[in-house]
file run.cif (mmCIF, C-alpha atoms)
data_final
#
loop_
_atom_site.label_atom_id
_atom_site.label_comp_id
_atom_site.auth_asym_id
_atom_site.auth_seq_id
_atom_site.Cartn_x
_atom_site.Cartn_y
_atom_site.Cartn_z
CA ASP A 1 -88.66 193.81 -0.63
CA SER A 2 -87.93 192.40 2.84
CA GLY A 3 -91.04 190.22 2.95
CA VAL A 4 -92.39 192.09 5.99
CA THR A 5 -95.63 193.91 5.34
CA GLN A 6 -97.14 196.76 7.31
CA THR A 7 -100.51 198.40 7.01
CA PRO A 8 -101.55 201.08 6.66
CA LYS A 9 -98.73 202.93 4.95
CA HIS A 10 -99.96 206.30 6.15
CA LEU A 11 -102.31 207.23 8.96
CA ILE A 12 -103.56 210.67 9.88
CA THR A 13 -105.57 211.09 13.03
CA ALA A 14 -106.34 213.55 15.80
CA THR A 15 -105.08 213.90 19.33
CA GLY A 16 -106.84 211.68 21.82
CA GLN A 17 -107.66 209.03 19.26
CA ARG A 18 -106.63 205.38 19.13
CA VAL A 19 -105.07 203.59 16.16
CA THR A 20 -103.90 200.09 15.36
CA LEU A 21 -100.91 199.34 13.21
CA ARG A 22 -100.55 195.91 11.68
CA CYS A 23 -97.51 193.87 10.77
CA SER A 24 -97.13 190.57 8.97
CA PRO A 25 -93.69 189.00 9.41
CA ARG A 26 -91.74 187.15 6.77
CA SER A 27 -92.91 183.62 6.22
CA GLY A 28 -91.31 181.40 8.87
CA ASP A 29 -90.20 184.20 11.16
CA LEU A 30 -91.33 183.82 14.75
CA SER A 31 -90.06 187.07 16.23
CA VAL A 32 -91.62 190.45 15.64
CA TYR A 33 -90.17 193.75 16.80
CA TRP A 34 -91.67 197.23 16.85
CA TYR A 35 -89.67 200.44 16.53
CA GLN A 36 -90.56 204.12 16.50
CA GLN A 37 -88.56 206.59 14.43
CA SER A 38 -89.03 210.27 15.10
CA LEU A 39 -86.91 213.32 14.42
CA ASP A 40 -86.23 214.08 18.04
CA GLN A 41 -85.91 210.55 19.46
CA GLY A 42 -84.36 208.74 16.53
CA LEU A 43 -84.96 205.02 16.14
CA GLN A 44 -86.25 203.51 19.36
CA PHE A 45 -86.98 199.90 20.15
CA LEU A 46 -90.46 199.46 21.56
CA ILE A 47 -91.17 195.78 22.07
CA GLN A 48 -90.38 192.26 20.89
CA TYR A 49 -92.68 189.26 20.59
CA TYR A 50 -91.67 185.70 19.95
CA ASN A 51 -94.23 183.11 18.96
CA GLY A 52 -97.02 185.01 20.62
CA GLU A 53 -95.22 185.95 23.82
CA GLU A 54 -93.75 189.27 24.84
CA ARG A 55 -89.99 188.81 25.22
CA ALA A 56 -88.31 192.20 25.47
CA LYS A 57 -89.44 195.70 26.16
CA GLY A 58 -87.88 199.02 25.33
CA ASN A 59 -89.12 202.55 25.66
CA ILE A 60 -92.75 201.76 25.09
CA LEU A 61 -95.26 204.13 26.64
CA GLU A 62 -98.07 202.80 28.79
CA ARG A 63 -100.51 204.21 26.23
CA PHE A 64 -99.06 201.80 23.68
CA SER A 65 -99.62 198.07 23.65
CA ALA A 66 -98.89 195.26 21.26
CA GLN A 67 -99.68 191.65 20.70
CA GLN A 68 -98.74 188.81 18.42
CA PHE A 69 -101.48 186.51 17.21
CA PRO A 70 -101.40 182.75 16.60
CA ASP A 71 -100.84 183.35 12.87
CA LEU A 72 -97.79 185.40 13.97
CA HIS A 73 -98.99 188.74 12.69
CA SER A 74 -98.67 191.54 15.19
CA GLU A 75 -100.57 194.68 16.03
CA LEU A 76 -99.37 197.81 17.78
CA ASN A 77 -102.12 199.78 19.48
CA LEU A 78 -101.56 203.43 20.22
CA SER A 79 -104.13 205.20 22.36
CA SER A 80 -104.76 208.70 23.72
CA LEU A 81 -102.58 209.95 20.92
CA GLU A 82 -100.49 213.08 21.36
CA LEU A 83 -98.79 215.28 18.83
CA GLY A 84 -95.45 213.81 19.88
CA ASP A 85 -96.55 210.35 18.80
CA SER A 86 -96.25 211.42 15.18
CA ALA A 87 -93.52 209.19 13.82
CA LEU A 88 -92.62 206.39 11.48
CA TYR A 89 -93.38 203.04 13.09
CA PHE A 90 -91.40 200.09 11.83
CA CYS A 91 -92.04 196.45 12.32
CA ALA A 92 -89.24 193.92 11.88
CA SER A 93 -89.13 190.17 11.98
CA SER A 94 -86.50 187.52 12.47
CA VAL A 95 -86.41 183.77 12.34
CA ALA A 96 -85.94 183.08 16.03
CA LEU A 97 -84.88 184.72 19.22
CA ALA A 98 -81.12 184.83 19.01
CA GLY A 99 -79.33 188.13 19.00
CA THR A 100 -77.49 187.01 15.91
CA ASP A 101 -80.70 186.85 13.92
CA THR A 102 -81.00 189.42 11.20
CA GLN A 103 -84.02 191.64 11.60
CA TYR A 104 -85.82 192.37 8.37
CA PHE A 105 -87.74 195.61 8.42
CA GLY A 106 -91.08 196.44 6.88
CA PRO A 107 -91.67 199.67 4.96
CA GLY A 108 -93.12 201.40 8.01
CA THR A 109 -96.36 203.16 8.88
CA ARG A 110 -96.18 206.92 8.98
CA LEU A 111 -98.45 208.22 11.70
CA THR A 112 -99.41 211.87 11.77
CA VAL A 113 -101.28 213.16 14.79
CA LEU A 114 -102.96 216.52 14.25
CA ALA B 1 -76.63 200.59 30.23
CA GLN B 2 -76.44 200.28 26.50
CA LYS B 3 -75.43 203.20 24.40
CA VAL B 4 -74.49 203.63 20.76
CA THR B 5 -72.77 206.80 19.64
CA GLN B 6 -72.40 207.88 16.05
CA ALA B 7 -70.55 211.12 16.45
CA GLN B 8 -70.72 212.06 12.77
CA THR B 9 -74.09 213.62 12.08
CA GLU B 10 -73.49 214.25 8.39
CA ILE B 11 -70.70 213.43 6.00
CA SER B 12 -70.39 214.75 2.49
CA VAL B 13 -67.99 213.20 -0.02
CA VAL B 14 -67.43 213.28 -3.73
CA GLU B 15 -68.07 210.14 -5.70
CA LYS B 16 -65.19 207.64 -5.67
CA GLU B 17 -63.87 208.86 -2.33
CA ASP B 18 -63.56 206.39 0.52
CA VAL B 19 -65.60 207.17 3.61
CA THR B 20 -65.58 205.70 7.12
CA LEU B 21 -68.57 205.90 9.44
CA ASP B 22 -67.73 205.69 13.11
CA CYS B 23 -69.63 203.82 15.78
CA VAL B 24 -68.77 203.54 19.46
CA TYR B 25 -70.83 201.47 21.82
CA GLU B 26 -71.19 200.91 25.54
CA THR B 27 -72.35 197.73 27.16
CA ARG B 28 -71.78 195.76 30.34
CA ASP B 29 -72.57 192.44 28.73
CA THR B 30 -69.88 190.11 27.45
CA THR B 31 -72.23 188.74 24.82
CA TYR B 32 -73.76 191.25 22.48
CA TYR B 33 -74.38 191.82 18.80
CA LEU B 34 -73.59 194.73 16.55
CA PHE B 35 -75.31 195.69 13.34
CA TRP B 36 -75.17 198.26 10.59
CA TYR B 37 -78.31 199.28 8.73
CA LYS B 38 -78.81 201.62 5.81
CA GLN B 39 -81.85 203.84 5.35
CA PRO B 40 -81.96 205.28 1.83
CA PRO B 41 -84.19 208.27 0.97
CA SER B 42 -87.04 205.86 0.23
CA GLY B 43 -87.20 205.17 3.97
CA GLU B 44 -86.84 201.43 4.33
CA LEU B 45 -84.19 199.99 6.64
CA VAL B 46 -81.76 197.64 4.98
CA PHE B 47 -79.56 195.23 6.93
CA LEU B 48 -75.87 195.43 6.03
CA ILE B 49 -73.90 193.39 8.53
CA ARG B 50 -73.96 191.85 12.00
CA ARG B 51 -71.17 190.82 14.32
CA ASN B 52 -71.26 189.07 17.66
CA SER B 53 -68.96 190.04 20.47
CA PHE B 54 -66.81 186.94 20.06
CA ASP B 55 -66.10 187.54 16.40
CA GLU B 56 -63.59 190.31 15.90
CA GLN B 57 -62.70 189.19 12.42
CA ASN B 58 -63.03 192.12 10.10
CA GLU B 59 -64.75 191.65 6.83
CA ILE B 60 -64.76 193.04 3.35
CA SER B 61 -67.79 192.63 1.16
CA GLY B 62 -67.45 194.30 -2.20
CA ARG B 63 -67.03 198.01 -1.54
CA TYR B 64 -67.99 197.65 2.13
CA SER B 65 -65.68 196.77 4.99
CA TRP B 66 -66.08 196.69 8.75
CA ASN B 67 -63.59 197.16 11.56
CA PHE B 68 -64.69 195.74 14.91
CA GLN B 69 -62.40 196.45 17.86
CA LYS B 70 -63.55 195.36 21.29
CA SER B 71 -60.62 197.10 22.96
CA THR B 72 -61.98 200.47 21.89
CA SER B 73 -65.66 199.44 21.72
CA SER B 74 -65.82 200.52 18.12
CA PHE B 75 -67.51 199.06 15.08
CA ASN B 76 -66.65 201.26 12.13
CA PHE B 77 -67.92 200.91 8.59
CA THR B 78 -66.05 201.92 5.45
CA ILE B 79 -67.34 202.41 1.94
CA THR B 80 -64.65 202.29 -0.69
CA ALA B 81 -65.06 204.22 -3.93
CA SER B 82 -68.36 205.71 -2.85
CA GLN B 83 -71.22 206.07 -5.32
CA VAL B 84 -74.19 208.40 -5.43
CA VAL B 85 -76.46 205.44 -4.60
CA ASP B 86 -74.67 205.13 -1.26
CA SER B 87 -76.33 208.35 -0.14
CA ALA B 88 -78.40 207.35 2.86
CA VAL B 89 -78.56 207.43 6.62
CA TYR B 90 -76.48 204.70 8.19
CA PHE B 91 -77.34 203.33 11.61
CA CYS B 92 -75.18 201.35 13.96
CA ALA B 93 -77.06 199.18 16.43
CA LEU B 94 -76.29 197.12 19.52
CA SER B 95 -78.39 194.18 20.64
CA GLU B 96 -78.21 192.71 24.14
CA ALA B 97 -80.09 189.95 25.81
CA GLN B 98 -82.96 190.95 28.00
CA THR B 99 -84.79 188.31 29.99
CA GLY B 100 -86.35 186.11 27.33
CA GLY B 101 -85.50 188.33 24.40
CA PHE B 102 -83.21 190.90 22.88
CA LYS B 103 -83.27 194.67 23.11
CA THR B 104 -81.73 196.65 20.27
CA ILE B 105 -80.43 200.18 20.62
CA PHE B 106 -79.71 202.27 17.55
CA GLY B 107 -77.30 205.14 17.21
CA ALA B 108 -78.57 208.50 16.01
CA GLY B 109 -77.41 207.73 12.49
CA THR B 110 -74.93 209.32 10.10
CA ARG B 111 -76.32 210.95 6.99
CA LEU B 112 -74.00 210.36 4.05
CA PHE B 113 -74.18 212.56 0.99
CA VAL B 114 -72.26 211.36 -2.03
CA LYS B 115 -72.00 214.01 -4.73
CA ALA B 116 -71.40 213.21 -8.36
#

call {"tool": "encode", "arguments": {"input": "run.cif", "output": "structure tokens"}}
result
Amino acid sequence: DSGVTQTPKHLITATGQRVTLRCSPRSGDLSVYWYQQSLDQGLQFLIQYYNGEERAKGNILERFSAQQFPDLHSELNLSSLELGDSALYFCASSVALAGTDTQYFGPGTRLTVL
Amino acid sequence: AQKVTQAQTEISVVEKEDVTLDCVYETRDTTYYLFWYKQPPSGELVFLIRRNSFDEQNEISGRYSWNFQKSTSSFNFTITASQVVDSAVYFCALSEAQTGGFKTIFGAGTRLFVKA
């Protein structure tokens, strides 16, 4: 158990809908990262937050947005969902901002778009 | 631009064999960080090791060892005396600074099958 929690574990929805994925980092970790893992794209970095502020951005679609709240939990919002958004979405956390920090991954949320 | 290449898609070995997973990376930065993660069939991602670009010291940890060579931009991972429980997908990753934060790129992964 990494100490990172993600809810829900599974999510099934329809195209065009909007969903919110939630992540609680390990106690004391200030950085939160979001990743998408799909069969065709592999593991892709989406976005990083540190202490409430966006710090790095990867291949995140404009239909996706994220935020980190004062209690450090984070939410990833996916809107206008398409079939291709079906994937496993991981959240990770680390203590600080340094590249040397180990990222601890949550169990993931499996999103299925029908 | 960053790139991580894991040329081996799948490797199959018999228990107790040694196996090396290859990782080649591309980066323009002089400061960067390399990682290996394991994803067992249960799906979670487990951190194995990290190295920064200034630390080329290779390491052995139990049955695991890592060979980092900046000259060839490689960061290979070896499992000695493999066990069935080592069956998993192994990902190599490269992390570089991006203004204010760090962006991590993962390789496509190498699926390791260890047969009894």

call {"tool": "interface_residues", "arguments": {"input": "run.cif", "of": "chain B", "to": "chain A", "cutoff": "10 Å", "atoms": "all atoms listed in the file", "output": "number ranges by chain"}}
result
B: 31-35, 37, 42-52, 91, 93-109

call {"tool": "resolve_selection", "arguments": {"input": "run.cif", "expression": "the PyMOL selection byres ((chain B and resi 14) around 8)", "output": "ChimeraX atom specification"}}
result
/B:12-13,15-17,82,114-116

call {"tool": "atom_distance", "arguments": {"input": "run.cif", "atom1": "atom CA of A:His10", "atom2": "atom CA of A:Arg22"}}
result
11.8 Å

call {"tool": "atom_distance", "arguments": {"input": "run.cif", "atom1": "atom CA of A:Leu11", "atom2": "atom CA of A:Phe64"}}
result
16.0 Å

call {"tool": "residues_around", "arguments": {"input": "run.cif", "residues": "A:Gln17", "least_positions_apart": "4", "cutoff": "7 Å", "atoms": "all atoms listed in the file", "output": "compact mmCIF listing (two decimals) with C-alpha atoms, keeping the file's coordinate frame"}}
result
# COMPACT_ATOMS: atom_id res chain seq x y z
CA THR A 13 -105.57 211.09 13.03
CA SER A 79 -104.13 205.20 22.36
CA SER A 80 -104.76 208.70 23.72
CA LEU A 81 -102.58 209.95 20.92

call {"tool": "resolve_selection", "arguments": {"input": "run.cif", "expression": "the PyMOL selection byres ((chain B and resi 56-67) around 6)", "output": "PDB file with C-alpha atoms, in the coordinates of the input"}}
result
ATOM      1  CA  ASP B  55     -66.100 187.540  16.400  1.00  0.00           C
ATOM      2  CA  PHE B  68     -64.690 195.740  14.910  1.00  0.00           C
ATOM      3  CA  PHE B  75     -67.510 199.060  15.080  1.00  0.00           C
ATOM      4  CA  ASN B  76     -66.650 201.260  12.130  1.00  0.00           C
ATOM      5  CA  PHE B  77     -67.920 200.910   8.590  1.00  0.00           C
ATOM      6  CA  THR B  78     -66.050 201.920   5.450  1.00  0.00           C
ATOM      7  CA  ILE B  79     -67.340 202.410   1.940  1.00  0.00           C
ATOM      8  CA  THR B  80     -64.650 202.290  -0.690  1.00  0.00           C
TER       9      THR B  80
END

call {"tool": "atom_distance", "arguments": {"input": "run.cif", "atom1": "atom CA of B:Val4", "atom2": "atom CA of B:Asp22"}}
result
10.4 Å

call {"tool": "closest_residue", "arguments": {"input": "run.cif", "among": "B:Thr110, B:Gln69, B:Gln39, B:Ser53", "to": "B:Leu21", "atoms": "all atoms listed in the file"}}
result
B:Thr110

call {"tool": "residues_near_point", "arguments": {"input": "run.cif", "point": "(-97.7, 208.5, 2.7)", "cutoff": "10 Å", "atoms": "only C-alpha atoms", "output": "number ranges by chain"}}
result
A: 8-12, 108-112

call {"tool": "residues_around", "arguments": {"input": "run.cif", "residues": "A:Pro25", "least_positions_apart": "2", "cutoff": "9 Å", "atoms": "all atoms listed in the file", "output": "ChimeraX atom specification"}}
result
/A:3-6,23,27-32,72-74,91-94,104-106

call {"tool": "residues_around", "arguments": {"input": "run.cif", "residues": "A:Leu78", "least_positions_apart": "4", "cutoff": "8 Å", "atoms": "only C-alpha atoms", "output": "MDAnalysis selection string"}}
result
chainID A and resid 18:20 63:65

call {"tool": "residues_around", "arguments": {"input": "run.cif", "residues": "A:Glu75", "least_positions_apart": "6", "cutoff": "6 Å", "atoms": "only C-alpha atoms", "output": "number ranges by chain"}}
result
A: 21-22, 66-67

call {"tool": "build_atoms", "arguments": {"input": "run.cif", "residues": "stretch 94-105 of chain B", "atoms": "all heavy atoms", "output": "tab-separated table (two decimals), in the coordinates of the input"}}
result
chain	number	residue	atom	x	y	z
B	94	LEU	N	-76.82	198.07	18.54
B	94	LEU	CA	-76.29	197.12	19.52
B	94	LEU	C	-77.45	196.33	20.10
B	94	LEU	O	-78.46	196.92	20.52
B	94	LEU	CB	-75.59	197.90	20.65
B	94	LEU	CG	-75.25	197.17	21.94
B	94	LEU	CD1	-74.17	196.12	21.71
B	94	LEU	CD2	-74.79	198.17	23.00
B	95	SER	N	-77.33	195.04	20.12
B	95	SER	CA	-78.39	194.18	20.64
B	95	SER	C	-77.86	193.38	21.82
B	95	SER	O	-76.81	192.75	21.73
B	95	SER	CB	-78.88	193.25	19.53
B	95	SER	OG	-80.01	192.53	19.94
B	96	GLU	N	-78.59	193.44	22.93
B	96	GLU	CA	-78.21	192.71	24.14
B	96	GLU	C	-79.37	191.86	24.60
B	96	GLU	O	-80.52	192.22	24.38
B	96	GLU	CB	-77.90	193.69	25.27
B	96	GLU	CG	-76.61	194.42	25.18
B	96	GLU	CD	-76.42	195.33	26.40
B	96	GLU	OE1	-77.42	195.69	27.03
B	96	GLU	OE2	-75.27	195.63	26.69
B	97	ALA	N	-79.04	190.80	25.28
B	97	ALA	CA	-80.09	189.95	25.81
B	97	ALA	C	-80.81	190.65	26.94
B	97	ALA	O	-80.20	191.30	27.78
B	97	ALA	CB	-79.49	188.64	26.31
B	98	GLN	N	-82.11	190.52	26.90
B	98	GLN	CA	-82.96	190.95	28.00
B	98	GLN	C	-83.76	189.71	28.35
B	98	GLN	O	-84.01	188.91	27.47
B	98	GLN	CB	-83.89	192.08	27.51
B	98	GLN	CG	-84.66	192.79	28.61
B	98	GLN	CD	-85.60	193.83	28.03
B	98	GLN	OE1	-86.71	193.52	27.63
B	98	GLN	NE2	-85.15	195.08	27.98
B	99	THR	N	-84.16	189.56	29.57
B	99	THR	CA	-84.79	188.31	29.99
B	99	THR	C	-85.80	187.82	28.96
B	99	THR	O	-86.82	188.44	28.71
B	99	THR	CB	-85.52	188.51	31.33
B	99	THR	OG1	-84.58	189.03	32.26
B	99	THR	CG2	-86.07	187.19	31.83
B	100	GLY	N	-85.46	186.72	28.30
B	100	GLY	CA	-86.35	186.11	27.33
B	100	GLY	C	-86.26	186.67	25.93
B	100	GLY	O	-86.85	186.13	25.00
B	101	GLY	N	-85.54	187.76	25.75
B	101	GLY	CA	-85.50	188.33	24.40
B	101	GLY	C	-84.28	189.18	24.19
B	101	GLY	O	-83.30	189.06	24.92
B	102	PHE	N	-84.34	190.03	23.19
B	102	PHE	CA	-83.21	190.90	22.88
B	102	PHE	C	-83.70	192.32	22.66
B	102	PHE	O	-84.70	192.56	22.00
B	102	PHE	CB	-82.48	190.41	21.62
B	102	PHE	CG	-81.59	189.25	21.90
B	102	PHE	CD1	-82.11	187.96	21.86
B	102	PHE	CD2	-80.27	189.43	22.23
B	102	PHE	CE1	-81.30	186.87	22.15
B	102	PHE	CE2	-79.46	188.34	22.52
B	102	PHE	CZ	-79.98	187.07	22.48
B	103	LYS	N	-82.96	193.24	23.25
B	103	LYS	CA	-83.27	194.67	23.11
B	103	LYS	C	-82.22	195.29	22.21
B	103	LYS	O	-81.02	195.06	22.40
B	103	LYS	CB	-83.26	195.32	24.48
B	103	LYS	CG	-83.52	196.80	24.47
B	103	LYS	CD	-83.53	197.34	25.89
B	103	LYS	CE	-83.66	198.85	25.89
B	103	LYS	NZ	-83.66	199.39	27.27
B	104	THR	N	-82.66	196.04	21.23
B	104	THR	CA	-81.73	196.65	20.27
B	104	THR	C	-81.75	198.15	20.42
B	104	THR	O	-82.82	198.77	20.44
B	104	THR	CB	-82.11	196.26	18.84
B	104	THR	OG1	-82.09	194.82	18.71
B	104	THR	CG2	-81.12	196.85	17.84
B	105	ILE	N	-80.58	198.72	20.53
B	105	ILE	CA	-80.43	200.18	20.62
B	105	ILE	C	-79.73	200.67	19.36
B	105	ILE	O	-78.71	200.12	18.95
B	105	ILE	CB	-79.58	200.57	21.85
B	105	ILE	CG1	-80.26	200.12	23.13
B	105	ILE	CG2	-79.35	202.08	21.89
B	105	ILE	CD1	-81.56	200.81	23.43
